[in-house]
Every structure is written in C-alpha cells, then in structure tokens.
>>> print(open('start.txt').read())   # compact mmCIF, C-alpha atoms
# COMPACT_ATOMS: atom_id res chain seq x y z
CA MET B 24 125.30 64.61 112.31
CA GLU B 25 126.81 68.08 112.02
CA ILE B 26 124.73 71.23 112.55
CA ARG B 27 126.16 74.53 111.32
CA PRO B 28 125.29 77.68 109.37
CA LEU B 29 125.26 77.29 105.61
CA GLY B 30 128.03 79.17 103.86
CA PRO B 31 128.73 80.44 100.33
CA ASP B 32 130.30 77.11 99.33
CA ASP B 33 127.22 75.06 100.19
CA ASP B 34 124.89 73.88 97.43
CA LEU B 35 121.68 75.94 97.29
CA GLY B 36 120.19 73.22 95.11
CA ALA B 37 120.15 70.88 98.11
CA GLU B 38 118.23 73.48 100.14
CA LEU B 39 115.75 73.94 97.27
CA ASP B 40 115.26 70.18 96.99
CA LEU B 41 114.68 69.93 100.76
CA ARG B 42 112.19 72.78 100.63
CA ARG B 43 110.23 71.14 97.80
CA ARG B 44 110.11 67.80 99.60
CA ALA B 45 108.94 69.40 102.86
CA PHE B 46 106.54 72.13 101.67
CA GLY B 47 105.82 71.46 98.00
CA PRO B 48 107.02 73.14 94.82
CA ILE B 49 107.83 76.81 94.46
CA SER B 50 106.15 78.56 91.57
CA PRO B 51 108.59 79.81 88.90
CA GLY B 52 107.52 83.38 89.57
CA ARG B 53 108.47 83.15 93.25
CA LEU B 54 111.77 81.36 92.77
CA PRO B 55 113.94 84.50 92.23
CA SER B 56 112.55 86.12 95.40
CA TRP B 57 113.02 82.90 97.40
CA THR B 58 116.61 82.56 96.18
CA LYS B 59 117.39 86.18 97.01
CA GLY B 60 116.01 85.84 100.54
CA LEU B 61 117.92 82.61 101.05
CA GLN B 62 121.16 84.27 99.99
CA VAL B 63 120.60 87.12 102.45
CA SER B 64 120.04 84.59 105.26
CA ILE B 65 123.30 82.85 104.33
CA ASP B 66 125.16 86.17 104.30
CA GLN B 67 123.72 86.94 107.76
CA GLY B 68 124.68 83.50 109.08
CA ALA B 69 121.02 82.87 109.79
CA LEU B 70 120.41 79.68 107.77
CA ILE B 71 121.22 76.57 109.83
CA GLY B 72 121.71 73.18 108.22
CA ALA B 73 121.90 69.64 109.58
CA PHE B 74 124.32 67.46 107.61
CA ASP B 75 124.87 63.72 107.44
CA GLY B 76 128.34 63.77 106.00
CA ARG B 77 128.01 66.23 103.11
CA ARG B 78 124.28 65.56 102.61
CA LEU B 79 121.84 68.24 103.81
CA ILE B 80 119.08 66.48 105.81
CA GLY B 81 117.47 69.43 107.58
CA SER B 82 117.51 73.21 107.74
CA ALA B 83 115.98 76.20 109.50
CA ARG B 84 116.43 79.93 109.18
CA TYR B 85 115.62 82.97 111.25
CA HIS B 86 114.86 86.52 110.21
CA LEU B 87 116.34 89.55 111.94
CA MET B 88 113.20 91.40 112.99
CA ARG B 89 111.74 93.62 115.69
CA GLN B 90 108.61 92.93 117.73
CA TRP B 91 106.37 95.46 119.46
CA TRP B 92 105.14 95.08 123.03
CA HIS B 93 102.84 97.79 124.37
CA GLY B 94 104.36 100.40 122.10
CA ARG B 95 108.03 99.46 122.54
CA SER B 96 110.07 97.34 120.15
CA MET B 97 112.85 94.86 120.76
CA PRO B 98 115.01 92.65 118.53
CA MET B 99 113.24 89.41 117.65
CA ALA B 100 114.44 86.32 115.78
CA GLY B 101 111.64 85.09 113.51
CA VAL B 102 112.23 81.37 112.98
CA ALA B 103 110.92 79.97 109.69
CA GLY B 104 111.41 77.21 107.15
CA VAL B 105 112.12 74.44 109.67
CA LYS B 106 112.24 71.20 107.70
CA VAL B 107 113.71 67.70 107.79
CA ALA B 108 114.10 65.32 104.85
CA PRO B 109 111.15 62.87 104.89
CA GLU B 110 113.42 59.81 105.13
CA GLU B 111 115.24 61.30 108.16
CA ARG B 112 112.22 62.19 110.29
CA GLY B 113 111.79 60.61 113.69
CA ARG B 114 115.54 60.49 114.40
CA GLY B 115 115.76 63.68 116.49
CA VAL B 116 117.11 65.86 113.67
CA GLY B 117 114.52 68.58 114.22
CA THR B 118 115.07 68.66 118.00
CA ALA B 119 118.85 68.92 117.63
CA MET B 120 118.52 71.57 114.94
CA MET B 121 116.16 73.74 117.02
CA ALA B 122 118.54 73.50 119.98
CA ALA B 123 121.32 74.82 117.72
CA VAL B 124 119.08 77.61 116.40
CA LEU B 125 118.21 78.64 119.97
CA GLU B 126 121.87 78.67 120.93
CA GLN B 127 122.81 80.88 117.99
CA ILE B 128 119.87 83.22 118.58
CA SER B 129 121.03 83.60 122.18
CA ASP B 130 124.65 84.19 121.14
CA ARG B 131 123.50 87.01 118.85
CA GLY B 132 121.66 88.76 121.69
CA PHE B 133 118.01 88.31 120.72
CA PRO B 134 115.79 88.64 123.83
CA VAL B 135 112.86 86.78 122.21
CA SER B 136 112.03 84.51 119.27
CA VAL B 137 108.76 83.89 117.44
CA LEU B 138 107.61 81.21 115.01
CA PHE B 139 104.45 79.97 113.31
CA PRO B 140 104.28 76.24 114.12
CA SER B 141 103.28 73.46 111.77
CA THR B 142 103.50 71.16 114.80
CA ALA B 143 103.62 72.32 118.41
CA PRO B 144 105.40 69.47 120.30
CA LEU B 145 108.78 70.06 118.64
CA TYR B 146 108.81 73.73 119.59
CA ARG B 147 107.30 73.28 123.03
CA ALA B 148 110.17 70.91 123.80
CA GLY B 149 112.51 73.85 123.14
CA GLY B 150 110.58 76.33 125.31
CA TRP B 151 108.38 78.04 122.71
CA GLU B 152 104.73 78.40 123.69
CA ILE B 153 101.51 79.69 122.14
CA ALA B 154 101.52 83.44 122.67
CA GLY B 155 99.30 85.16 120.12
CA ARG B 156 97.19 84.85 117.03
CA ARG B 157 96.69 86.28 113.59
CA TYR B 158 93.22 87.52 112.67
CA GLU B 159 91.20 88.33 109.57
CA ALA B 160 88.13 90.50 109.17
CA VAL B 161 85.79 89.10 106.52
CA LEU B 162 82.99 91.33 105.26
CA GLU B 163 80.92 92.15 102.23
CA ALA B 164 82.52 94.91 100.21
CA ARG B 165 79.23 96.79 99.88
CA SER B 166 78.98 97.13 103.66
CA LEU B 167 81.81 99.67 103.45
CA LEU B 168 80.14 101.96 100.93
CA ALA B 169 78.60 104.06 103.70
CA LEU B 170 80.51 104.12 106.99
CA ALA B 171 78.84 104.97 110.29
CA SER B 172 78.89 108.63 111.31
CA PRO B 173 81.14 109.45 114.27
CA ASP B 174 79.73 110.87 117.48
CA GLN B 175 80.04 114.61 117.95
CA LEU B 176 81.62 114.86 121.36
CA ALA B 177 81.94 118.64 121.70
CA ALA B 178 80.26 121.76 120.39
CA GLY B 179 81.47 122.37 116.87
CA ASP B 180 83.21 119.01 116.72
CA ALA B 181 82.58 117.59 113.26
CA GLY B 182 84.33 114.34 114.12
CA PRO B 183 87.03 112.43 112.23
CA ALA B 184 84.99 112.11 109.04
CA ALA B 185 85.34 115.83 108.50
CA GLN B 186 89.04 116.04 109.28
CA ASP B 187 91.43 116.92 106.52
CA ALA B 188 91.95 113.88 104.32
CA PRO B 189 95.36 112.27 104.84
CA LYS B 190 98.03 112.60 102.20
CA VAL B 191 97.92 109.22 100.52
CA ARG B 192 100.28 108.04 97.82
CA ARG B 193 101.03 104.80 96.07
CA ALA B 194 103.82 102.78 97.65
CA ALA B 195 106.38 100.64 95.83
CA SER B 196 109.43 98.56 96.62
CA ALA B 197 111.59 101.69 96.95
CA ASP B 198 109.52 102.66 100.01
CA GLY B 199 110.66 99.74 102.18
CA ALA B 200 112.38 101.89 104.80
CA ALA B 201 109.53 104.43 104.88
CA ILE B 202 106.97 101.66 105.39
CA VAL B 203 108.93 100.14 108.28
CA GLU B 204 109.11 103.59 109.90
CA VAL B 205 105.36 104.12 109.56
CA GLU B 206 104.61 100.64 110.91
CA GLY B 207 106.70 101.40 113.97
CA LEU B 208 104.95 104.74 114.48
CA VAL B 209 101.51 103.08 114.39
CA HIS B 210 102.44 100.21 116.71
CA GLU B 211 104.00 102.68 119.16
CA GLN B 212 101.04 105.04 119.22
CA LEU B 213 98.45 102.26 119.52
CA ARG B 214 100.48 100.42 122.20
CA ASN B 215 100.21 97.20 120.19
CA CYS B 216 101.40 93.87 121.58
CA GLY B 217 102.85 91.29 119.21
CA PRO B 218 103.21 92.80 115.71
CA ASP B 219 106.61 92.61 114.08
CA THR B 220 108.46 94.84 111.67
CA ARG B 221 110.78 93.38 109.06
CA GLU B 222 114.01 94.66 107.61
CA PRO B 223 113.44 97.23 104.84
CA TRP B 224 114.87 94.89 102.16
CA MET B 225 112.27 92.27 103.09
CA VAL B 226 109.43 94.79 102.71
CA ALA B 227 110.88 96.01 99.40
CA ASP B 228 111.12 92.45 98.10
CA TRP B 229 107.56 91.72 99.22
CA LEU B 230 106.24 94.80 97.39
CA ASP B 231 108.16 93.98 94.24
CA ASP B 232 105.07 92.19 92.98
CA GLU B 233 102.95 93.72 90.23
CA ASP B 234 99.85 91.99 91.63
CA ARG B 235 100.15 93.66 95.05
CA PHE B 236 98.82 97.21 95.50
CA ALA B 237 100.02 99.43 98.34
CA TYR B 238 99.35 102.91 99.69
CA LEU B 239 101.26 104.94 102.24
CA ALA B 240 100.26 107.85 104.48
CA ASP B 241 102.15 109.70 107.19
CA ASP B 242 100.49 107.50 109.82
CA GLY B 243 99.33 104.37 108.02
CA PHE B 244 99.93 101.71 105.41
CA LEU B 245 97.62 99.61 103.21
CA SER B 246 98.53 96.63 101.04
CA TYR B 247 96.15 94.31 99.19
CA ARG B 248 95.78 92.01 96.20
CA TRP B 249 93.07 90.16 94.33
CA GLY B 250 92.20 86.68 95.57
CA ASP B 251 92.55 83.63 93.37
CA ASP B 252 88.83 83.56 92.55
CA GLY B 253 88.83 87.16 91.28
CA ASP B 254 85.86 87.98 93.48
CA GLU B 255 87.70 88.85 96.69
CA LEU B 256 90.21 91.42 97.88
CA VAL B 257 92.85 90.03 100.23
CA VAL B 258 94.33 92.72 102.48
CA ASP B 259 97.77 91.80 103.77
CA GLU B 260 98.17 94.84 106.00
CA LEU B 261 95.93 97.73 107.03
CA ILE B 262 97.22 99.92 109.85
CA ALA B 263 96.46 103.51 110.82
CA ALA B 264 97.10 105.75 113.80
CA SER B 265 94.39 108.32 113.08
CA PRO B 266 90.64 108.11 112.41
CA ALA B 267 91.01 109.91 109.08
CA THR B 268 93.59 107.44 107.76
CA ALA B 269 91.61 104.42 108.98
CA ARG B 270 88.56 105.67 107.08
CA ALA B 271 90.65 106.42 104.00
CA TRP B 272 91.93 102.84 103.82
CA TRP B 273 88.47 101.28 104.15
CA GLN B 274 87.09 103.72 101.58
CA ILE B 275 89.78 102.69 99.08
CA LEU B 276 88.76 99.08 99.58
CA ALA B 277 85.06 99.98 99.34
CA SER B 278 85.69 101.55 95.93
CA HIS B 279 86.06 97.99 94.59
CA ALA B 280 82.55 97.01 95.69
CA THR B 281 81.27 96.82 92.11
CA THR B 282 83.87 94.18 91.16
CA ALA B 283 84.70 92.39 94.43
CA SER B 284 82.00 90.93 96.62
CA ARG B 285 84.13 90.24 99.70
CA ILE B 286 87.08 91.73 101.54
CA ARG B 287 89.37 89.57 103.64
CA ALA B 288 91.70 91.74 105.71
CA CYS B 289 94.48 90.83 108.14
CA VAL B 290 93.85 93.17 111.08
CA ALA B 291 94.16 93.58 114.84
CA PRO B 292 91.42 91.74 116.78
CA ASP B 293 89.99 95.09 117.87
CA ASP B 294 90.30 96.83 114.49
CA PRO B 295 87.84 99.75 114.29
CA VAL B 296 86.12 98.32 111.20
CA THR B 297 83.57 96.70 113.54
CA TRP B 298 82.59 100.15 114.77
CA LEU B 299 83.00 101.91 111.41
CA THR B 300 80.41 99.89 109.50
CA ARG B 301 76.77 100.95 109.91
CA ASP B 302 75.79 97.38 110.69
CA PRO B 303 78.26 95.08 112.46
CA ALA B 304 79.17 93.44 109.16
CA ALA B 305 82.73 92.39 109.89
CA GLU B 306 83.38 88.88 111.19
CA ILE B 307 86.76 88.60 112.92
CA GLN B 308 88.26 85.15 112.42
CA GLN B 309 91.43 83.58 113.83
CA THR B 310 93.65 82.27 111.05
CA ASP B 311 97.02 81.37 112.61
CA THR B 312 98.61 80.78 115.99
CA TRP B 313 102.16 81.83 116.75
CA MET B 314 104.57 80.80 119.48
CA LEU B 315 107.09 82.83 121.48
CA ARG B 316 110.30 81.92 123.29
CA VAL B 317 111.93 84.19 125.87
CA VAL B 318 115.63 83.75 125.12
CA ASP B 319 117.13 86.23 127.61
CA ALA B 320 114.70 86.75 130.50
CA PRO B 321 116.15 89.94 132.07
CA ALA B 322 116.73 91.58 128.67
CA ALA B 323 113.22 90.74 127.47
CA ILE B 324 111.55 92.13 130.60
CA ALA B 325 113.64 95.32 130.37
CA ALA B 326 112.92 95.85 126.66
CA ARG B 327 109.16 95.27 126.83
CA GLY B 328 106.66 98.11 127.25
CA TYR B 329 104.00 98.15 129.99
CA PRO B 330 100.98 100.33 130.84
CA SER B 331 102.14 103.39 132.74
CA GLY B 332 99.77 102.70 135.63
CA ALA B 333 100.72 99.04 136.11
CA ALA B 334 102.66 98.17 139.27
CA VAL B 335 104.07 94.71 140.04
CA SER B 336 106.49 93.42 142.64
CA VAL B 337 106.65 89.63 142.76
CA ARG B 338 109.20 86.87 143.19
CA LEU B 339 109.58 84.36 140.35
CA ASP B 340 111.06 80.89 140.31
CA LEU B 341 112.03 80.12 136.70
CA VAL B 342 113.09 76.73 135.40
CA ASP B 343 114.61 76.73 131.90
CA ALA B 344 116.69 73.65 131.11
CA ALA B 345 117.60 74.84 127.59
CA ARG B 346 118.69 78.31 128.79
CA PRO B 347 120.12 77.78 132.29
CA ALA B 348 120.93 81.48 132.61
CA ASN B 349 117.17 82.11 132.85
CA SER B 350 116.72 79.65 135.73
CA GLY B 351 116.63 80.70 139.37
CA ARG B 352 114.76 82.98 141.73
CA TRP B 353 114.12 86.49 140.47
CA ALA B 354 112.45 89.69 141.59
CA LEU B 355 110.10 91.01 138.90
CA GLN B 356 109.21 94.67 139.20
CA VAL B 357 107.09 96.83 136.91
CA SER B 358 106.34 100.51 137.47
CA ALA B 359 106.02 103.71 135.42
CA GLY B 360 105.92 101.74 132.15
CA ALA B 361 109.24 99.94 132.73
CA GLY B 362 110.13 96.47 133.99
CA SER B 363 113.14 94.73 135.52
CA LEU B 364 114.11 91.20 136.46
CA THR B 365 116.81 90.98 139.12
CA ARG B 366 118.33 87.91 140.75
CA LEU B 367 117.48 87.87 144.42
CA ASP B 368 121.09 87.50 145.43
CA ASP B 369 121.79 90.65 143.40
CA LEU B 370 118.99 92.74 144.89
CA PRO B 371 119.72 96.26 146.12
CA PRO B 372 119.67 96.68 149.93
CA GLY B 373 116.21 96.92 151.50
CA LEU B 374 114.35 94.55 149.16
CA ASP B 375 112.88 91.36 150.57
CA SER B 376 115.10 88.29 150.26
CA THR B 377 113.89 86.42 153.34
CA VAL B 378 112.96 83.26 151.41
CA LEU B 379 116.42 82.71 149.98
CA GLY B 380 117.54 79.15 150.62
CA SER B 381 114.05 77.89 151.38
CA THR B 382 113.27 74.52 149.83
CA ALA B 383 109.53 74.56 150.57
CA PRO B 384 107.29 76.08 147.86
CA ASP B 385 106.18 79.54 148.89
CA PRO B 386 102.64 80.39 147.67
CA ALA B 387 103.69 84.00 147.22
CA VAL B 388 106.32 82.99 144.66
CA LEU B 389 105.17 82.52 141.06
CA ARG B 390 106.74 79.35 139.65
CA LEU B 391 107.10 79.04 135.88
CA GLY B 392 108.92 77.00 133.28
CA ALA B 393 110.16 78.39 129.98
CA ARG B 394 106.79 77.83 128.29
CA GLY B 395 104.77 79.43 131.08
CA PHE B 396 107.10 82.42 131.21
CA ALA B 397 106.75 82.92 127.44
CA ALA B 398 102.95 82.84 127.70
CA LEU B 399 102.94 85.24 130.68
CA PHE B 400 105.21 87.61 128.75
CA ALA B 401 102.65 87.62 125.92
CA GLY B 402 99.75 88.47 128.22
CA VAL B 403 98.19 85.07 128.99
CA PRO B 404 96.49 85.36 132.43
CA VAL B 405 98.14 83.58 135.34
CA ALA B 406 94.86 81.76 136.10
CA THR B 407 94.92 80.29 132.59
CA LEU B 408 98.52 79.20 133.01
CA ARG B 409 97.71 77.48 136.29
CA LEU B 410 94.84 75.56 134.72
CA ALA B 411 97.18 74.48 131.91
CA GLY B 412 99.81 73.30 134.38
CA LEU B 413 102.26 76.01 133.30
CA ALA B 414 102.29 78.06 136.53
CA ALA B 415 101.92 77.67 140.27
CA GLY B 416 101.73 80.13 143.16
CA GLY B 417 101.83 83.90 142.82
CA GLY B 418 98.14 84.33 143.65
CA ALA B 419 98.55 87.63 145.48
CA ALA B 420 100.09 89.26 142.39
CA GLU B 421 97.70 87.75 139.83
CA ASP B 422 95.69 90.92 139.10
CA ALA B 423 98.80 93.10 139.00
CA LEU B 424 100.51 90.73 136.57
CA GLY B 425 97.43 90.74 134.36
CA ALA B 426 97.45 94.54 134.26
CA ALA B 427 101.17 94.69 133.43
CA PHE B 428 101.36 91.96 130.77
CA CYS B 429 98.13 92.97 129.07
CA GLY B 430 97.16 91.76 125.60
CA PRO B 431 95.83 90.49 123.43
CA ALA B 432 98.98 89.65 121.51
CA PHE B 433 98.45 89.53 117.75
CA SER B 434 100.32 89.58 114.46
CA VAL B 435 99.46 91.04 111.06
CA ASP B 436 102.37 89.21 109.43
CA ARG B 437 103.25 85.61 108.68
CA PHE B 438 106.83 84.65 107.94
>>> encode(input="start.txt", output="structure tokens")
Amino acid sequence: MEIRPLGPDDDLGAELDLRRRAFGPISPGRLPSWTKGLQVSIDQGALIGAFDGRRLIGSARYHLMRQWWHGRSMPMAGVAGVKVAPEERGRGVGTAMMAAVLEQISDRGFPVSVLFPSTAPLYRAGGWEIAGRRYEAVLEARSLLALASPDQLAAGDAGPAAQDAPKVRRAASADGAAIVEVEGLVHEQLRNCGPDTREPWMVADWLDDEDRFAYLADDGFLSYRWGDDGDELVVDELIAASPATARAWWQILASHATTASRIRACVAPDDPVTWLTRDPAAEIQQTDTWMLRVVDAPAAIAARGYPSGAAVSVRLDLVDAARPANSGRWALQVSAGAGSLTRLDDLPPGLDSTVLGSTAPDPAVLRLGARGFAALFAGVPVATLRLAGLAAGGGAAEDALGAAFCGPAFSVDRF
C-alpha cells in the first residue's frame, strides 16, 4: 500500500466513486462545487490517497483553516472526507492513512487539527479526542415577534433596543473575504473558544447557492435557508458582536413568522436568544461532537488565548507516541493572557527543576497522553479527565488550569 497526496495526473473519477460508496451519491446540483473544492485540495497538496497498486482504496483531505481560542486564532487543519473502500475495510488502511495525514499536517506547521468523527476509535488511536460540540437553538418563529425589553442600567439609558440600527446589507459570494474578516472580529471580541474561519474561497463557494440567503453588518453575519419541509428556517450562521446587530438578525428571522413555524439556528451554547425572547422559548440542542488533536504542543499553547486574570505554573508529563516531539516533561505557564510550554531542561535559571530524573510519579506533576492534552486544551476540567482515565496528578493546579483553559468549546460550522 502506498499513501501519498493526489496529484493532477490522478483520476478524479476514482475519488468520486470512493466518495459515493462511502457516503452515498452527490446530487447533480452539488457536483460542480464538490469537484471545485476537490481540485483546490489537490492543488494545495491536501488530499491524501491510499493506493493498492494504481487503485485508490482510501482517501482523506484537510482544509487550511483557522480556529479561535479565547479571542485568538491559530492555523488549524480541518480533516474531512476520511473514507476507505468497503471491500478494504478492516485491514488497517484508515489507521495508516490518518498517520500519514497527521505527519503531513505536522510538516506544514499546523499546531492543531479538528475533525467531526463518524467513528471515534480510529481517531482516538491517532491522538484526537472529543473537545467541543455544535449546538442548535430550536424555537417557534412567533416567539421572536416581540423581543424582551432590555434593562435600563443608567439614567437616560434607553438600552440596546434604541441604539442606532446597524447597517445591514445582503451578502453574496463576492463577500467571502469580508465575511471571514467579520467572523474573526466577532470571535475575537466575544473571546470565543472553538469556532473556525474558512478560507475566503470556501465561503464564496458556500454562498454561491441561490437557496441560501445571507446578510452582513460591520459586526455580524447571518445566513439561512428554507428547510426541506418548507415550514422551517435553517440558520447556518448567526453571529453578532453588538446588542443591536443581534436583535437585527433575530428580527429578520421573525419576519418570516407568517410562513415558517419554526427556526432552527446553529449558535453558541450561550447565544443571547434565550435572554432576548420574552418567554424562554429557545431550546438549545447538541447536534454534533468534534474532536481535536494537538499537533505541536509548544506552538499550540503559545498561539492560544487565555483570560487575562488566569495564572498557571505547573509541570506536565506528556506521552505522545505518534508525535514524539510532544513527549517529555514540560513547564506550563499562563499569565497576562499568554501561555508557554518549555522543556524543563531548557528552563531559564531560577525555575524549579528539582524533580528532573525522578522515576517516581510526583502528585504535583500533571500526567497526560495526547488525548488528555487535547481535551485539556479545549477546556475539559482536569477532574473530568481523571475520571475518564486521561489524566493523573496535578491536583494543586486543578482550579488554575480550569480558569486558564476555560470553555465551553463550540463550533458553528461543520466541514
């Protein structure tokens, strides 16, 4: 078996056949977009194939994305389309292919990787672990017709409802770059953990759909479509950094209340719609789980954002068989909104290295494997990781770690 990136001389028909066998047929209307995206992945060297001779028996791709962690973004490889020919399953093709994908992601300098799993064991074997979720708010459209009045918190304060209405315009595929910029602004200002931003061409391609309706403001973005039953609005993205824009988006959706009975919106788990409706009409439901892999531990810790008041100083023992460069004893420090991970034998003078060379487990040292480190990075509490068998030790720093790696981690996208 040979595993390598697909090139311009490889047969796209074989990839299409593999996709159909693994995930079902592609509708004729979606085929041009799928082919275009596939060609971009090939041009980027980001479509990996497993070959038996000249026959394609498996493939996986990754998207060049960015992910936001407490208001800061870092490069992220979004793995998708992992598939093995039905007659080749059970032979280790998927495991070997994911190892090759991880190696290439590392070689290209991605600190982290994310994927939406169809099966967890394959990805857990490679060091990915459940890190966050995707949520939907489901509510009756009529519940938005009259939003709750805001509190007046100061004399003469009319509240956000009386603020100048945001400048809202229709968005189209030509606005891909502008939408990515606005998404980043919102995730930065709200200190979000987990959302990703795509490349502008991906957003443009996504919006090049006459059945998707989108609006753009200086500090927000709204995109929605009609559901298959014609009685429901499906909101793919609704983000806003100001009260006025948040209200504007929900009011646009409420204007459909005479023709749509329900609204299903992909949102953050703490989206203000719960507090905007007069009665708590919105039901927040989990729809998907996503997994994260820390590819380069020091780079990921340095790139991530943290609360400005969080302070951590703890020793870590990391074990990562697939990425040996991550393994070893480290000093993790977080202060003033920044983090660092330094090997103990590389510590500056004056920092504690008294346990170097000790073979006995030290209860002050937090011990993690690749999966536990990924979950900690995404804000899973240390106590939860211990109960799951993914962490040991580190009890004295448990509260400080929880304050630094705060969540919840969520996504408003699915790739």
>>> closest_residue(input="start.txt", among="B:Leu87, B:Ala263, B:Leu29, B:Ile307", to="B:Ala100", atoms="all atoms listed in the file")
B:Leu87
>>> residues_around(input="start.txt", residues="B:Arg157", least_positions_apart="2", cutoff="9 Å", atoms="only C-alpha atoms", output="list in words")
Gly155, Glu159, Cys289, Val290, Ala291, Pro292, Gln308, Gln309, Thr310, Asp311, Thr312, Trp313, Ala432, Phe433, Ser434, Val435, Asp436 and Arg437 of chain B
>>> closest_residue(input="start.txt", among="B:Ala387, B:Asp340, B:Thr300, B:Tyr329", to="B:Gly362", atoms="all atoms listed in the file")
B:Tyr329
>>> closest_residue(input="start.txt", among="B:Val342, B:Ala171, B:Ile262, B:Ala160", to="B:Leu208", atoms="all atoms listed in the file")
B:Ile262
>>> atom_distance(input="start.txt", atom1="atom CA of B:Met120", atom2="atom CA of B:Ala73")
6.6 Å
>>> residues_near_point(input="start.txt", point="(111.5, 75.7, 109.7)", cutoff="10 Å", atoms="only C-alpha atoms", output="VMD selection string")
chain B and resid 42 45 70 to 71 81 to 85 102 to 107 117 120 to 121 138 to 141
>>> residues_around(input="start.txt", residues="stretch 239-253 of chain B", least_positions_apart="2", cutoff="8 Å", atoms="all atoms listed in the file", output="compact mmCIF listing (two decimals) with C-alpha atoms, in the frame of the given file")
# COMPACT_ATOMS: atom_id res chain seq x y z
CA PRO B 189 95.36 112.27 104.84
CA LYS B 190 98.03 112.60 102.20
CA VAL B 191 97.92 109.22 100.52
CA ARG B 192 100.28 108.04 97.82
CA ARG B 193 101.03 104.80 96.07
CA ALA B 194 103.82 102.78 97.65
CA ILE B 202 106.97 101.66 105.39
CA VAL B 205 105.36 104.12 109.56
CA GLU B 206 104.61 100.64 110.91
CA LEU B 208 104.95 104.74 114.48
CA VAL B 209 101.51 103.08 114.39
CA ASP B 234 99.85 91.99 91.63
CA ARG B 235 100.15 93.66 95.05
CA PHE B 236 98.82 97.21 95.50
CA ALA B 237 100.02 99.43 98.34
CA GLU B 255 87.70 88.85 96.69
CA LEU B 256 90.21 91.42 97.88
CA VAL B 257 92.85 90.03 100.23
CA VAL B 258 94.33 92.72 102.48
CA ASP B 259 97.77 91.80 103.77
CA GLU B 260 98.17 94.84 106.00
CA LEU B 261 95.93 97.73 107.03
CA ILE B 262 97.22 99.92 109.85
CA ALA B 263 96.46 103.51 110.82
CA ALA B 264 97.10 105.75 113.80
CA SER B 265 94.39 108.32 113.08
CA THR B 268 93.59 107.44 107.76
CA ALA B 269 91.61 104.42 108.98
CA TRP B 272 91.93 102.84 103.82
CA ALA B 283 84.70 92.39 94.43
>>> axis_aligned_box(input="start.txt", around="stretch 351-367 of chain B", padding_each_side="5 Å", output="AutoDock Vina command-line options")
--center_x 112.1 --center_y 92.2 --center_z 138.3 --size_x 22.4 --size_y 33.0 --size_z 22.3
>>> residues_near_point(input="start.txt", point="(113.9, 94.7, 93.3)", cutoff="9 Å", atoms="all atoms listed in the file", output="list of chain:residue names")
B:Ser56, B:Ser196, B:Ala197, B:Trp224, B:Ala227, B:Asp228, B:Leu230, B:Asp231
>>> atom_distance(input="start.txt", atom1="atom CA of B:Gly402", atom2="atom CA of B:Tyr158")
16.9 Å
>>> atom_distance(input="start.txt", atom1="atom CA of B:Gln274", atom2="atom CA of B:Glu233")
21.9 Å
>>> residues_around(input="start.txt", residues="B:Arg44", least_positions_apart="5", cutoff="12 Å", atoms="only C-alpha atoms", output="count of residues only")
12
>>> closest_residue(input="start.txt", among="B:Leu299, B:Leu54, B:Ala288, B:Val388", to="B:Asp174", atoms="only C-alpha atoms")
B:Leu299
>>> residues_around(input="start.txt", residues="B:Pro431", least_positions_apart="3", cutoff="12 Å", atoms="only C-alpha atoms", output="VMD selection string")
chain B and resid 92 to 93 154 to 158 214 to 218 291 to 293 398 to 404 425 to 426 428 434
>>> closest_residue(input="start.txt", among="B:Pro223, B:Gly150, B:Gly76, B:Pro31", to="B:Gln62", atoms="only C-alpha atoms")
B:Pro31
>>> build_atoms(input="start.txt", residues="stretch 318-333 of chain B", atoms="N, CA and C atoms", output="compact mmCIF listing (two decimals), keeping the file's coordinate frame")
# COMPACT_ATOMS: atom_id res chain seq x y z
N VAL B 318 114.25 84.25 125.22
CA VAL B 318 115.63 83.75 125.12
C VAL B 318 116.48 84.29 126.26
N ASP B 319 116.37 85.57 126.53
CA ASP B 319 117.13 86.23 127.61
C ASP B 319 116.10 86.90 128.51
N ALA B 320 115.80 86.28 129.65
CA ALA B 320 114.70 86.75 130.50
C ALA B 320 114.89 88.19 130.99
N PRO B 321 116.01 88.55 131.61
CA PRO B 321 116.15 89.94 132.07
C PRO B 321 116.10 90.96 130.93
N ALA B 322 116.74 90.64 129.79
CA ALA B 322 116.73 91.58 128.67
C ALA B 322 115.33 91.75 128.10
N ALA B 323 114.57 90.66 128.02
CA ALA B 323 113.22 90.74 127.47
C ALA B 323 112.31 91.57 128.37
N ILE B 324 112.38 91.35 129.67
CA ILE B 324 111.55 92.13 130.60
C ILE B 324 111.91 93.61 130.53
N ALA B 325 113.21 93.92 130.42
CA ALA B 325 113.64 95.32 130.37
C ALA B 325 113.25 96.00 129.07
N ALA B 326 113.20 95.25 127.96
CA ALA B 326 112.92 95.85 126.66
C ALA B 326 111.44 96.04 126.41
N ARG B 327 110.60 95.25 127.07
CA ARG B 327 109.16 95.27 126.83
C ARG B 327 108.54 96.56 127.36
N GLY B 328 107.44 97.00 126.73
CA GLY B 328 106.66 98.11 127.25
C GLY B 328 105.53 97.63 128.14
N TYR B 329 105.07 98.48 129.05
CA TYR B 329 104.00 98.15 129.99
C TYR B 329 103.10 99.37 130.16
N PRO B 330 101.83 99.17 130.54
CA PRO B 330 100.98 100.33 130.84
C PRO B 330 101.59 101.19 131.94
N SER B 331 101.48 102.48 131.80
CA SER B 331 102.14 103.39 132.74
C SER B 331 101.61 103.25 134.16
N GLY B 332 100.35 102.83 134.30
CA GLY B 332 99.77 102.70 135.63
C GLY B 332 99.95 101.35 136.27
N ALA B 333 100.56 100.39 135.57
CA ALA B 333 100.72 99.04 136.11
C ALA B 333 101.86 99.03 137.13
